[in-house]
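Have a look at start15.pdb below; it lists PDB, C-alpha atoms.
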ATOM      1  CA  MET A 843     -64.430 -47.919 -32.674
ATOM      2  CA  ASP A 844     -64.616 -49.355 -36.164
ATOM      3  CA  ASP A 845     -62.401 -52.275 -35.072
ATOM      4  CA  GLU A 846     -64.567 -53.153 -32.053
ATOM      5  CA  ARG A 847     -65.944 -56.666 -32.368
ATOM      6  CA  ALA A 848     -69.697 -57.007 -32.678
ATOM      7  CA  PRO A 849     -71.449 -59.076 -29.978
ATOM      8  CA  ALA A 850     -72.418 -62.638 -30.844
ATOM      9  CA  PRO A 851     -75.926 -62.978 -32.328
ATOM     10  CA  ALA A 852     -77.233 -64.846 -29.267
ATOM     11  CA  LEU A 853     -75.870 -62.184 -26.914
ATOM     12  CA  MET A 854     -77.320 -59.413 -29.066
ATOM     13  CA  ALA A 855     -80.733 -61.096 -29.018
ATOM     14  CA  GLY A 856     -80.578 -61.502 -25.246
ATOM     15  CA  LEU A 857     -79.631 -57.863 -24.702
ATOM     16  CA  ILE A 858     -82.438 -56.675 -26.974
ATOM     17  CA  ALA A 859     -84.896 -58.864 -25.023
ATOM     18  CA  PHE A 860     -83.629 -57.314 -21.787
ATOM     19  CA  LEU A 861     -84.227 -53.832 -23.197
ATOM     20  CA  CYS A 862     -87.764 -54.825 -24.190
ATOM     21  CA  LEU A 863     -88.545 -56.064 -20.678
ATOM     22  CA  ILE A 864     -87.220 -52.971 -18.913
ATOM     23  CA  TRP A 865     -88.694 -50.433 -21.324
ATOM     24  CA  GLY A 866     -91.988 -52.342 -21.252
ATOM     25  CA  SER A 867     -92.168 -51.751 -17.506
ATOM     26  CA  THR A 868     -91.282 -48.053 -17.563
ATOM     27  CA  TRP A 869     -94.613 -46.883 -18.981
ATOM     28  CA  LEU A 870     -96.546 -48.073 -15.917
ATOM     29  CA  VAL A 871     -93.864 -46.786 -13.543
ATOM     30  CA  ILE A 872     -94.079 -43.328 -15.156
ATOM     31  CA  ARG A 873     -97.848 -43.362 -14.683
ATOM     32  CA  GLY A 874     -97.445 -44.265 -11.015
ATOM     33  CA  GLY A 875     -94.965 -41.446 -10.365
ATOM     34  CA  LEU A 876     -97.307 -38.903 -11.942
ATOM     35  CA  GLU A 877     -99.828 -39.477  -9.171
ATOM     36  CA  ASP A 878     -97.632 -37.319  -6.905
ATOM     37  CA  LEU A 879     -95.492 -35.217  -9.261
ATOM     38  CA  PRO A 880     -96.335 -33.057 -12.307
ATOM     39  CA  PRO A 881     -94.925 -34.362 -15.603
ATOM     40  CA  PHE A 882     -91.971 -32.043 -16.308
ATOM     41  CA  THR A 883     -90.866 -32.102 -12.675
ATOM     42  CA  SER A 884     -90.957 -35.895 -12.627
ATOM     43  CA  ALA A 885     -89.112 -36.232 -15.955
ATOM     44  CA  GLY A 886     -86.552 -33.582 -15.009
ATOM     45  CA  ALA A 887     -85.788 -35.257 -11.671
ATOM     46  CA  ARG A 888     -85.378 -38.564 -13.486
ATOM     47  CA  PHE A 889     -82.744 -37.177 -15.818
ATOM     48  CA  VAL A 890     -80.914 -35.284 -13.079
ATOM     49  CA  VAL A 891     -80.409 -38.577 -11.240
ATOM     50  CA  ALA A 892     -79.607 -40.395 -14.472
ATOM     51  CA  ALA A 893     -77.003 -37.802 -15.494
ATOM     52  CA  LEU A 894     -75.291 -37.962 -12.094
ATOM     53  CA  VAL A 895     -75.180 -41.759 -12.152
ATOM     54  CA  MET A 896     -73.942 -41.735 -15.740
ATOM     55  CA  THR A 897     -71.136 -39.382 -14.666
ATOM     56  CA  VAL A 898     -69.872 -42.102 -12.295
ATOM     57  CA  VAL A 899     -70.379 -44.782 -14.950
ATOM     58  CA  ALA A 900     -68.481 -42.727 -17.525
ATOM     59  CA  TRP A 901     -65.597 -42.226 -15.099
ATOM     60  CA  ARG A 902     -65.374 -45.994 -14.507
ATOM     61  CA  LEU A 903     -66.006 -47.273 -18.049
ATOM     62  CA  ARG A 904     -64.706 -44.507 -20.293
ATOM     63  CA  ARG A 905     -61.242 -45.980 -20.791
ATOM     64  CA  ARG A 906     -62.470 -49.567 -21.095
ATOM     65  CA  GLU A 907     -65.073 -48.672 -23.711
ATOM     66  CA  GLY A 908     -62.806 -46.473 -25.798
ATOM     67  CA  GLY A 909     -64.113 -44.201 -28.500
ATOM     68  CA  ALA A 910     -63.592 -40.531 -29.164
ATOM     69  CA  PRO A 911     -65.333 -37.745 -27.238
ATOM     70  CA  PRO A 912     -68.647 -37.109 -29.039
ATOM     71  CA  PRO A 913     -68.987 -33.798 -30.890
ATOM     72  CA  ALA A 914     -70.958 -31.193 -28.975
ATOM     73  CA  TRP A 915     -73.606 -30.849 -31.673
ATOM     74  CA  LEU A 916     -74.354 -34.595 -31.443
ATOM     75  CA  TRP A 917     -74.911 -34.776 -27.671
ATOM     76  CA  LEU A 918     -76.847 -31.502 -27.772
ATOM     77  CA  SER A 919     -79.088 -32.966 -30.475
ATOM     78  CA  MET A 920     -79.540 -36.209 -28.582
ATOM     79  CA  GLY A 921     -80.320 -34.380 -25.337
ATOM     80  CA  LEU A 922     -82.901 -32.145 -26.965
ATOM     81  CA  LEU A 923     -84.502 -34.818 -29.160
ATOM     82  CA  ASN A 924     -84.236 -38.207 -27.423
ATOM     83  CA  PHE A 925     -84.501 -36.969 -23.841
ATOM     84  CA  ALA A 926     -86.048 -33.502 -23.392
ATOM     85  CA  ALA A 927     -88.608 -33.411 -26.225
ATOM     86  CA  SER A 928     -89.409 -37.114 -26.415
ATOM     87  CA  TYR A 929     -89.821 -37.735 -22.692
ATOM     88  CA  GLY A 930     -91.456 -34.397 -21.982
ATOM     89  CA  VAL A 931     -94.212 -35.316 -24.422
ATOM     90  CA  VAL A 932     -94.583 -38.864 -23.061
ATOM     91  CA  TYR A 933     -94.841 -37.729 -19.431
ATOM     92  CA  TRP A 934     -97.416 -35.079 -20.299
ATOM     93  CA  CYS A 935     -99.500 -37.518 -22.344
ATOM     94  CA  GLU A 936     -99.526 -40.058 -19.516
ATOM     95  CA  THR A 937    -101.426 -37.527 -17.393
ATOM     96  CA  ILE A 938    -104.313 -38.046 -19.837
ATOM     97  CA  LEU A 939    -103.921 -41.529 -21.369
ATOM     98  CA  PRO A 940    -103.294 -44.951 -19.757
ATOM     99  CA  SER A 941     -99.716 -46.199 -19.827
ATOM    100  CA  GLY A 942    -100.463 -49.144 -22.121
ATOM    101  CA  ILE A 943    -102.189 -46.959 -24.700
ATOM    102  CA  VAL A 944     -99.292 -44.496 -24.705
ATOM    103  CA  ALA A 945     -96.880 -47.377 -25.281
ATOM    104  CA  VAL A 946     -98.977 -48.684 -28.170
ATOM    105  CA  LEU A 947     -99.244 -45.307 -29.870
ATOM    106  CA  TRP A 948     -95.481 -44.810 -29.488
ATOM    107  CA  ALA A 949     -94.972 -48.004 -31.513
ATOM    108  CA  VAL A 950     -95.022 -45.994 -34.756
ATOM    109  CA  TYR A 951     -91.357 -45.338 -33.930
ATOM    110  CA  PRO A 952     -90.068 -48.374 -35.893
ATOM    111  CA  LEU A 953     -91.844 -47.216 -39.025
ATOM    112  CA  ILE A 954     -90.311 -43.749 -38.799
ATOM    113  CA  THR A 955     -86.849 -45.090 -38.009
ATOM    114  CA  ALA A 956     -87.003 -47.694 -40.765
ATOM    115  CA  GLY A 957     -87.988 -45.104 -43.342
ATOM    116  CA  ALA A 958     -85.247 -42.737 -42.216
ATOM    117  CA  GLY A 959     -82.663 -45.519 -42.152
ATOM    118  CA  HIS A 960     -83.738 -46.713 -45.604
ATOM    119  CA  LEU A 961     -83.223 -43.215 -47.010
ATOM    120  CA  LEU A 962     -80.214 -41.997 -45.011
ATOM    121  CA  LEU A 963     -78.124 -44.889 -43.685
ATOM    122  CA  PRO A 964     -75.825 -46.898 -45.981
ATOM    123  CA  GLY A 965     -76.438 -50.645 -45.720
ATOM    124  CA  GLU A 966     -79.877 -50.267 -44.102
ATOM    125  CA  ARG A 967     -82.035 -50.838 -47.162
ATOM    126  CA  LEU A 968     -85.250 -52.706 -46.434
ATOM    127  CA  HIS A 969     -86.668 -55.465 -48.625
ATOM    128  CA  GLY A 970     -90.148 -56.796 -49.316
ATOM    129  CA  ARG A 971     -90.514 -59.178 -46.372
ATOM    130  CA  GLN A 972     -89.258 -56.535 -43.944
ATOM    131  CA  TRP A 973     -91.628 -53.895 -45.312
ATOM    132  CA  ALA A 974     -94.474 -56.422 -44.983
ATOM    133  CA  GLY A 975     -93.527 -56.849 -41.335
ATOM    134  CA  PHE A 976     -93.751 -53.126 -40.729
ATOM    135  CA  VAL A 977     -97.163 -53.060 -42.426
ATOM    136  CA  PHE A 978     -98.460 -55.839 -40.153
ATOM    137  CA  GLY A 979     -97.103 -54.012 -37.119
ATOM    138  CA  PHE A 980     -98.728 -50.761 -38.148
ATOM    139  CA  LEU A 981    -102.068 -52.536 -38.682
ATOM    140  CA  GLY A 982    -101.832 -53.862 -35.137
ATOM    141  CA  VAL A 983    -101.142 -50.395 -33.790
ATOM    142  CA  GLY A 984    -104.021 -48.995 -35.839
ATOM    143  CA  LEU A 985    -106.439 -51.604 -34.521
ATOM    144  CA  LEU A 986    -105.519 -50.823 -30.934
ATOM    145  CA  PHE A 987    -105.747 -47.099 -31.641
ATOM    146  CA  LEU A 988    -109.239 -47.329 -33.106
ATOM    147  CA  THR A 989    -110.703 -49.608 -30.469
ATOM    148  CA  ASP A 990    -109.096 -48.286 -27.275
ATOM    149  CA  LEU A 991    -108.569 -44.571 -27.713
ATOM    150  CA  GLN A 992    -112.256 -43.753 -28.116
ATOM    151  CA  ARG A 993    -112.987 -44.741 -24.512
ATOM    152  CA  PHE A 994    -110.934 -41.988 -22.876
ATOM    153  CA  GLY A 995    -112.902 -38.843 -23.679
ATOM    154  CA  ALA A 996    -112.499 -35.822 -25.915
ATOM    155  CA  SER A 997    -109.029 -34.937 -24.623
ATOM    156  CA  ALA A 998    -107.621 -38.329 -25.665
ATOM    157  CA  ILE A 999    -107.448 -37.616 -29.390
ATOM    158  CA  PRO A1000    -105.535 -34.292 -29.078
ATOM    159  CA  ALA A1001    -103.174 -35.908 -26.555
ATOM    160  CA  ALA A1002    -102.606 -38.855 -28.878
ATOM    161  CA  SER A1003    -101.874 -36.497 -31.764
ATOM    162  CA  ILE A1004     -99.295 -34.621 -29.698
ATOM    163  CA  LEU A1005     -97.775 -37.919 -28.591
ATOM    164  CA  PHE A1006     -96.579 -38.660 -32.132
ATOM    165  CA  ILE A1007     -94.015 -35.866 -31.727
ATOM    166  CA  SER A1008     -92.140 -38.145 -29.320
ATOM    167  CA  PRO A1009     -91.324 -41.066 -31.658
ATOM    168  CA  LEU A1010     -90.626 -38.626 -34.482
ATOM    169  CA  VAL A1011     -87.921 -36.723 -32.608
ATOM    170  CA  SER A1012     -86.554 -39.962 -31.095
ATOM    171  CA  ALA A1013     -86.160 -41.456 -34.560
ATOM    172  CA  ALA A1014     -84.329 -38.333 -35.730
ATOM    173  CA  GLY A1015     -81.924 -38.514 -32.789
ATOM    174  CA  THR A1016     -81.313 -42.238 -33.220
ATOM    175  CA  VAL A1017     -80.504 -41.891 -36.925
ATOM    176  CA  LEU A1018     -78.085 -39.041 -36.159
ATOM    177  CA  VAL A1019     -76.269 -41.184 -33.581
ATOM    178  CA  LYS A1020     -76.236 -44.172 -35.919
ATOM    179  CA  ARG A1021     -74.793 -42.147 -38.792
ATOM    180  CA  TYR A1022     -72.356 -39.842 -36.987
ATOM    181  CA  GLY A1023     -71.722 -41.401 -33.570
ATOM    182  CA  GLY A1024     -70.184 -44.744 -34.465
ATOM    183  CA  ALA A1025     -66.706 -43.673 -33.358
ATOM    184  CA  SER A1026     -67.870 -41.844 -30.230
ATOM    185  CA  SER A1027     -67.943 -43.049 -26.634
ATOM    186  CA  SER A1028     -71.508 -44.072 -25.827
ATOM    187  CA  VAL A1029     -71.096 -43.351 -22.095
ATOM    188  CA  LEU A1030     -69.904 -39.795 -22.748
ATOM    189  CA  LEU A1031     -72.603 -39.268 -25.344
ATOM    190  CA  ASN A1032     -75.317 -40.387 -22.937
ATOM    191  CA  ARG A1033     -73.891 -38.480 -19.962
ATOM    192  CA  ASN A1034     -73.751 -35.186 -21.808
ATOM    193  CA  ALA A1035     -77.146 -35.670 -23.444
ATOM    194  CA  MET A1036     -78.789 -36.530 -20.111
ATOM    195  CA  PHE A1037     -77.543 -33.293 -18.569
ATOM    196  CA  VAL A1038     -79.017 -31.404 -21.526
ATOM    197  CA  GLY A1039     -82.334 -33.236 -21.199
ATOM    198  CA  ALA A1040     -82.449 -32.627 -17.447
ATOM    199  CA  GLY A1041     -81.776 -28.918 -17.870
ATOM    200  CA  VAL A1042     -84.475 -28.420 -20.488
ATOM    201  CA  LEU A1043     -87.080 -30.437 -18.572
ATOM    202  CA  LEU A1044     -86.394 -28.585 -15.313
ATOM    203  CA  ALA A1045     -86.677 -25.266 -17.175
ATOM    204  CA  LEU A1046     -90.093 -26.401 -18.433
ATOM    205  CA  ALA A1047     -91.063 -27.412 -14.903
ATOM    206  CA  TRP A1048     -89.984 -24.019 -13.552
ATOM    207  CA  THR A1049     -92.006 -22.254 -16.263
ATOM    208  CA  PHE A1050     -95.225 -24.304 -16.312
ATOM    209  CA  GLU A1051     -95.406 -26.129 -12.975
ATOM    210  CA  ALA A1052     -94.390 -23.525 -10.389
ATOM    211  CA  ASP A1053     -97.835 -23.671  -8.766
ATOM    212  CA  ALA A1054     -98.533 -27.363  -9.344
ATOM    213  CA  PRO A1055     -98.930 -29.613  -6.265
ATOM    214  CA  ILE A1056     -95.810 -31.678  -5.585
ATOM    215  CA  ALA A1057     -95.566 -34.596  -3.143
ATOM    216  CA  TRP A1058     -92.161 -36.260  -2.766
ATOM    217  CA  SER A1059     -93.692 -39.507  -1.580
ATOM    218  CA  ALA A1060     -91.826 -42.800  -1.251
ATOM    219  CA  ALA A1061     -93.606 -44.056  -4.375
ATOM    220  CA  ALA A1062     -92.608 -40.977  -6.390
ATOM    221  CA  ILE A1063     -88.965 -41.229  -5.298
ATOM    222  CA  ALA A1064     -88.865 -44.973  -6.030
ATOM    223  CA  SER A1065     -90.324 -44.284  -9.478
ATOM    224  CA  ILE A1066     -87.647 -41.689 -10.232
ATOM    225  CA  LEU A1067     -84.805 -43.950  -9.038
ATOM    226  CA  TYR A1068     -86.001 -46.951 -11.044
ATOM    227  CA  LEU A1069     -86.600 -44.907 -14.175
ATOM    228  CA  ALA A1070     -83.295 -43.036 -13.830
ATOM    229  CA  ILE A1071     -80.965 -45.921 -13.063
ATOM    230  CA  VAL A1072     -82.559 -48.971 -14.678
ATOM    231  CA  GLY A1073     -84.820 -47.340 -17.252
ATOM    232  CA  THR A1074     -82.325 -44.707 -18.424
ATOM    233  CA  VAL A1075     -78.661 -45.258 -17.507
ATOM    234  CA  VAL A1076     -78.611 -49.021 -18.077
ATOM    235  CA  THR A1077     -80.957 -49.145 -21.032
ATOM    236  CA  PHE A1078     -79.789 -46.140 -23.033
ATOM    237  CA  GLY A1079     -76.135 -46.977 -22.483
ATOM    238  CA  LEU A1080     -76.821 -50.468 -23.787
ATOM    239  CA  PHE A1081     -79.076 -49.270 -26.604
ATOM    240  CA  PHE A1082     -76.657 -46.737 -28.073
ATOM    241  CA  TRP A1083     -73.824 -49.272 -27.818
ATOM    242  CA  LEU A1084     -75.872 -51.905 -29.650
ATOM    243  CA  ILE A1085     -76.960 -49.649 -32.509
ATOM    244  CA  ARG A1086     -73.317 -49.412 -33.599
ATOM    245  CA  HIS A1087     -73.580 -53.107 -34.499
ATOM    246  CA  ALA A1088     -77.252 -53.706 -35.386
ATOM    247  CA  PRO A1089     -79.268 -51.961 -38.111
ATOM    248  CA  ALA A1090     -81.373 -49.081 -36.846
ATOM    249  CA  TYR A1091     -84.598 -50.729 -38.048
ATOM    250  CA  ARG A1092     -83.863 -53.894 -36.039
ATOM    251  CA  MET A1093     -83.162 -51.957 -32.852
ATOM    252  CA  SER A1094     -86.302 -49.900 -33.395
ATOM    253  CA  LEU A1095     -88.359 -53.097 -33.309
ATOM    254  CA  ILE A1096     -87.999 -52.839 -29.529
ATOM    255  CA  ALA A1097     -90.895 -50.386 -29.776
ATOM    256  CA  TYR A1098     -93.108 -53.203 -31.123
ATOM    257  CA  ILE A1099     -92.387 -55.530 -28.186
ATOM    258  CA  THR A1100     -92.607 -52.977 -25.381
ATOM    259  CA  PRO A1101     -96.304 -52.129 -26.013
ATOM    260  CA  VAL A1102     -97.217 -55.790 -25.496
ATOM    261  CA  ILE A1103     -95.294 -55.863 -22.210
ATOM    262  CA  ALA A1104     -96.721 -52.486 -21.208
ATOM    263  CA  LEU A1105    -100.282 -53.611 -21.943
ATOM    264  CA  SER A1106     -99.737 -56.818 -19.969
ATOM    265  CA  LEU A1107     -98.404 -54.931 -16.960
ATOM    266  CA  GLY A1108    -101.133 -52.319 -17.255
ATOM    267  CA  TRP A1109    -103.735 -55.107 -17.155
ATOM    268  CA  GLY A1110    -102.106 -57.247 -14.474
ATOM    269  CA  VAL A1111    -100.778 -54.505 -12.183
ATOM    270  CA  GLY A1112    -102.510 -51.263 -13.137
ATOM    271  CA  ALA A1113    -106.013 -52.690 -13.754
ATOM    272  CA  GLU A1114    -106.121 -51.242 -17.278
ATOM    273  CA  PRO A1115    -108.643 -52.993 -19.560
ATOM    274  CA  VAL A1116    -107.477 -55.489 -22.179
ATOM    275  CA  THR A1117    -110.099 -56.477 -24.755
ATOM    276  CA  SER A1118    -110.185 -58.998 -27.580
ATOM    277  CA  ALA A1119    -109.268 -56.169 -29.945
ATOM    278  CA  THR A1120    -106.257 -55.433 -27.750
ATOM    279  CA  LEU A1121    -105.107 -59.053 -28.039
ATOM    280  CA  ALA A1122    -105.703 -59.057 -31.802
ATOM    281  CA  GLY A1123    -103.645 -55.899 -32.196
ATOM    282  CA  ALA A1124    -100.845 -57.354 -30.097
ATOM    283  CA  GLY A1125    -100.883 -60.475 -32.279
ATOM    284  CA  LEU A1126    -100.488 -58.392 -35.437
ATOM    285  CA  ILE A1127     -97.601 -56.505 -33.851
ATOM    286  CA  LEU A1128     -95.781 -59.733 -32.973
ATOM    287  CA  ALA A1129     -96.414 -61.073 -36.488
ATOM    288  CA  GLY A1130     -94.878 -57.897 -37.867
ATOM    289  CA  VAL A1131     -91.816 -58.381 -35.665
ATOM    290  CA  ALA A1132     -91.423 -61.984 -36.835
ATOM    291  CA  LEU A1133     -91.402 -60.835 -40.460
ATOM    292  CA  ALA A1134     -89.364 -57.668 -40.112
ATOM    293  CA  VAL A1135     -86.437 -59.155 -38.184
ATOM    294  CA  ARG A1136     -85.783 -61.822 -40.814
ATOM    295  CA  VAL A1137     -83.095 -60.985 -43.362
ATOM    296  CA  SER A1138     -81.825 -62.949 -46.292
ATOM    297  CA  ASP A1139     -78.591 -64.921 -46.101
ATOM    298  CA  ARG A1140     -77.060 -62.602 -48.656
ATOM    299  CA  ASP A1141     -77.818 -59.565 -46.497
ATOM    300  CA  SER A1142     -76.393 -61.229 -43.412
ATOM    301  CA  GLY A1143     -73.232 -62.277 -45.219
ATOM    302  CA  ARG A1144     -72.247 -58.844 -46.431
ATOM    303  CA  GLY A1145     -72.015 -57.340 -42.961
ATOM    304  CA  GLY A1146     -74.959 -55.001 -43.127
ATOM    305  CA  ASP A1147     -75.125 -54.888 -39.320
ATOM    306  CA  ARG A1148     -71.994 -52.780 -38.977
ATOM    307  CA  THR A1149     -71.692 -49.060 -39.396
TER     308      THR A1149
END

Do you think you could lay out the structure here as structure tokens?
Amino acid sequence: MDDERAPAPALMAGLIAFLCLIWGSTWLVIRGGLEDLPPFTSAGARFVVAALVMTVVAWRLRRREGGAPPPAWLWLSMGLLNFAASYGVVYWCETILPSGIVAVLWAVYPLITAGAGHLLLPGERLHGRQWAGFVFGFLGVGLLFLTDLQRFGASAIPAASILFISPLVSAAGTVLVKRYGGASSSVLLNRNAMFVGAGVLLALAWTFEADAPIAWSAAAIASILYLAIVGTVVTFGLFFWLIRHAPAYRMSLIAYITPVIALSLGWGVGAEPVTSATLAGAGLILAGVALAVRVSDRDSGRGGDRT
């Protein structure tokens, strides 16, 4: 896959914007599905459907995409980290915290990924303006954390602390794919990893949710289908294809945009409160994005976007 042509900058920007829009909507959809299903059951069902759909996608696109079969250790790692652990934590936390707040707290992911990429990925060194952008983004997240989290009771702080496991393990999985998966088929990598994630999540559901009330309502089923097909198969297939051409820190900036979308949907659709502090935090996040995505002409000219 080293000879595969990178997408044009305008196309790459459009695809990243599409990912932001879809992933911004998934937080509220997860919250809605949890009204009828316990967290591990809901997440496990999502990845069962996603893995089955990805099997069909892989059969149709495998030859067109090219790439070598991914090593077993890589799709096992991705399944355990990016799918089972990361989403298991998110689903559980959304039983306690509003969807917009969960999305905001998850926005530490770019900072973790940027630091890991800076240390571990050749050609992904960050410079002063980019680091300043990450600082502005983190200040925005911190402002939202301090002003919003306090309103949700004593259980909110422990849940928020546990939530940080999710971006941490996701960053680890993303860096592994970026460093070792550049020559691998993204559809096969995602298919195999989704089956792993589904298996682990269903095992957790069997262990911890055997006596939990379950209602397979139309809303719950619609939530699973949307999250599985649009929010998983389409988005992760596109994401792990794009990170072969864009620096990991730039792709991780998606996590700065999605909280703003998630907060907007939570306010407009889910009746979640949005205060002046919320808007100020969102403004800092967007300012951080504007700074962090800018690179110097010298950096752009030496092909730092390719693995």

Write out as JSON lines the residues of segment 1016-1118 of chain A that have any atom within 10 Å of an atom of segment 849-853 of chain A, one row each with the nearest atom pair and its distance in Å to one decimal, counting all atoms listed in the file, sorted by chain and then rising number.
{"residue": "A:Leu1084", "atom": "CA", "partner": "A:Pro849", "partner_atom": "CA", "distance": 8.4}
{"residue": "A:His1087", "atom": "CA", "partner": "A:Pro849", "partner_atom": "CA", "distance": 7.8}
{"residue": "A:Ala1088", "atom": "CA", "partner": "A:Pro849", "partner_atom": "CA", "distance": 9.6}

Using all atoms listed in the file, find each residue in segment 855-961 of chain A having at least one atom no more than 7 Å away from segment 1075-1082 of chain A; report its shortest atom-to-atom pair and that distance in Å (one decimal), rows by chain then rising number, as a tab-separated table.
residue	atom	partner	partner_atom	distance
A:Leu861	CA	A:Thr1077	CA	6.1
A:Ala892	CA	A:Val1075	CA	5.8
A:Met896	CA	A:Val1075	CA	6.1

Residues matched by the PyMOL selection byres ((chain A and resi 1104) around 12) as a PyMOL selection string: chain A and resi 862-873+940-949+1097-1103+1105-1114+1116+1120+1124

Best match for closeness to Val1072 of chain A among A:Leu876, A:Ala998, A:Val895, A:Leu916, counting all atoms listed in the file: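 Nearest candidate to Val1072 of chain A out of A:Leu876, A:Ala998, A:Val895, A:Leu916: A:Val895.
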
Atom-to-atom span, atom CA of Gly995 of chain A and atom CA of Cys935 of chain A, Å: 13.5 Å

Neighbour list for Ala974 of chain A as a list in words, cut-off 8 Å, all atoms listed in the file, skip fewer than 2 positions in-chain: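 In the requested form, the answer reads Gly970, Arg971, Gln972, Phe976, Val977, Phe978, Gly1130, Leu1133 and Ala1134 of chain A.
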
Coordinates-based distance that separates atom CA of Asn924 of chain A from atom CA of Pro952 of chain A (Å, one decimal):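 Straight-line distance from atom CA of Pro952 of chain A to atom CA of Asn924 of chain A works out to 14.5 Å.
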
Interatomic distance, atom CA of Gly982 of chain A to atom CA of Ile1096 of chain A (Å, one decimal):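 Computing the Euclidean distance for atom CA of Gly982 of chain A and atom CA of Ile1096 of chain A yields 15.0 Å.
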
Test item: residues at most 9 Å from Ala1013 of chain A, only C-alpha atoms, excluding those fewer than 6 positions along its chain, as a VMD selection string: chain A and resid 923 to 924 951 to 952 954 to 956 958 1094

Reference answer for the PyMOL selection byres ((chain A and resi 1007) around 12), as number ranges by chain: A: 923-924, 926-932, 934-935, 947-948, 950-951, 954, 1000-1006, 1008-1014

Residues from last step as file, C-alpha atoms, as a PDB file, in the frame of the given file:
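part14.pdb, written as the output of this step:
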ATOM      1  CA  LEU A 923     -84.502 -34.818 -29.160  1.00  0.00           C
ATOM      2  CA  ASN A 924     -84.236 -38.207 -27.423  1.00  0.00           C
ATOM      3  CA  ALA A 926     -86.048 -33.502 -23.392  1.00  0.00           C
ATOM      4  CA  ALA A 927     -88.608 -33.411 -26.225  1.00  0.00           C
ATOM      5  CA  SER A 928     -89.409 -37.114 -26.415  1.00  0.00           C
ATOM      6  CA  TYR A 929     -89.821 -37.735 -22.692  1.00  0.00           C
ATOM      7  CA  GLY A 930     -91.456 -34.397 -21.982  1.00  0.00           C
ATOM      8  CA  VAL A 931     -94.212 -35.316 -24.422  1.00  0.00           C
ATOM      9  CA  VAL A 932     -94.583 -38.864 -23.061  1.00  0.00           C
ATOM     10  CA  TRP A 934     -97.416 -35.079 -20.299  1.00  0.00           C
ATOM     11  CA  CYS A 935     -99.500 -37.518 -22.344  1.00  0.00           C
ATOM     12  CA  LEU A 947     -99.244 -45.307 -29.870  1.00  0.00           C
ATOM     13  CA  TRP A 948     -95.481 -44.810 -29.488  1.00  0.00           C
ATOM     14  CA  VAL A 950     -95.022 -45.994 -34.756  1.00  0.00           C
ATOM     15  CA  TYR A 951     -91.357 -45.338 -33.930  1.00  0.00           C
ATOM     16  CA  ILE A 954     -90.311 -43.749 -38.799  1.00  0.00           C
ATOM     17  CA  PRO A1000    -105.535 -34.292 -29.078  1.00  0.00           C
ATOM     18  CA  ALA A1001    -103.174 -35.908 -26.555  1.00  0.00           C
ATOM     19  CA  ALA A1002    -102.606 -38.855 -28.878  1.00  0.00           C
ATOM     20  CA  SER A1003    -101.874 -36.497 -31.764  1.00  0.00           C
ATOM     21  CA  ILE A1004     -99.295 -34.621 -29.698  1.00  0.00           C
ATOM     22  CA  LEU A1005     -97.775 -37.919 -28.591  1.00  0.00           C
ATOM     23  CA  PHE A1006     -96.579 -38.660 -32.132  1.00  0.00           C
ATOM     24  CA  SER A1008     -92.140 -38.145 -29.320  1.00  0.00           C
ATOM     25  CA  PRO A1009     -91.324 -41.066 -31.658  1.00  0.00           C
ATOM     26  CA  LEU A1010     -90.626 -38.626 -34.482  1.00  0.00           C
ATOM     27  CA  VAL A1011     -87.921 -36.723 -32.608  1.00  0.00           C
ATOM     28  CA  SER A1012     -86.554 -39.962 -31.095  1.00  0.00           C
ATOM     29  CA  ALA A1013     -86.160 -41.456 -34.560  1.00  0.00           C
ATOM     30  CA  ALA A1014     -84.329 -38.333 -35.730  1.00  0.00           C
TER      31      ALA A1014
END

Shortest interatomic distance to Ile938 of chain A - which of A:Ala1047, A:Ala885, A:Val1038, A:Ala996, counting all atoms listed in the file: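 Answer, going by the shortest atom-to-atom distance: A:Ala996.
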
Among the residues A:Ala1122, A:Leu981, A:Ile999, A:Met1036, the one that comes closest to Ala1070 of chain A [using only C-alpha atoms]: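 Distance minimum relative to Ala1070 of chain A lands on A:Met1036.
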
Result set, the PyMOL selection byres ((chain A and resi 910) around 7) on current file, as a PyMOL selection string: chain A and resi 908-909+911-912+1025-1027
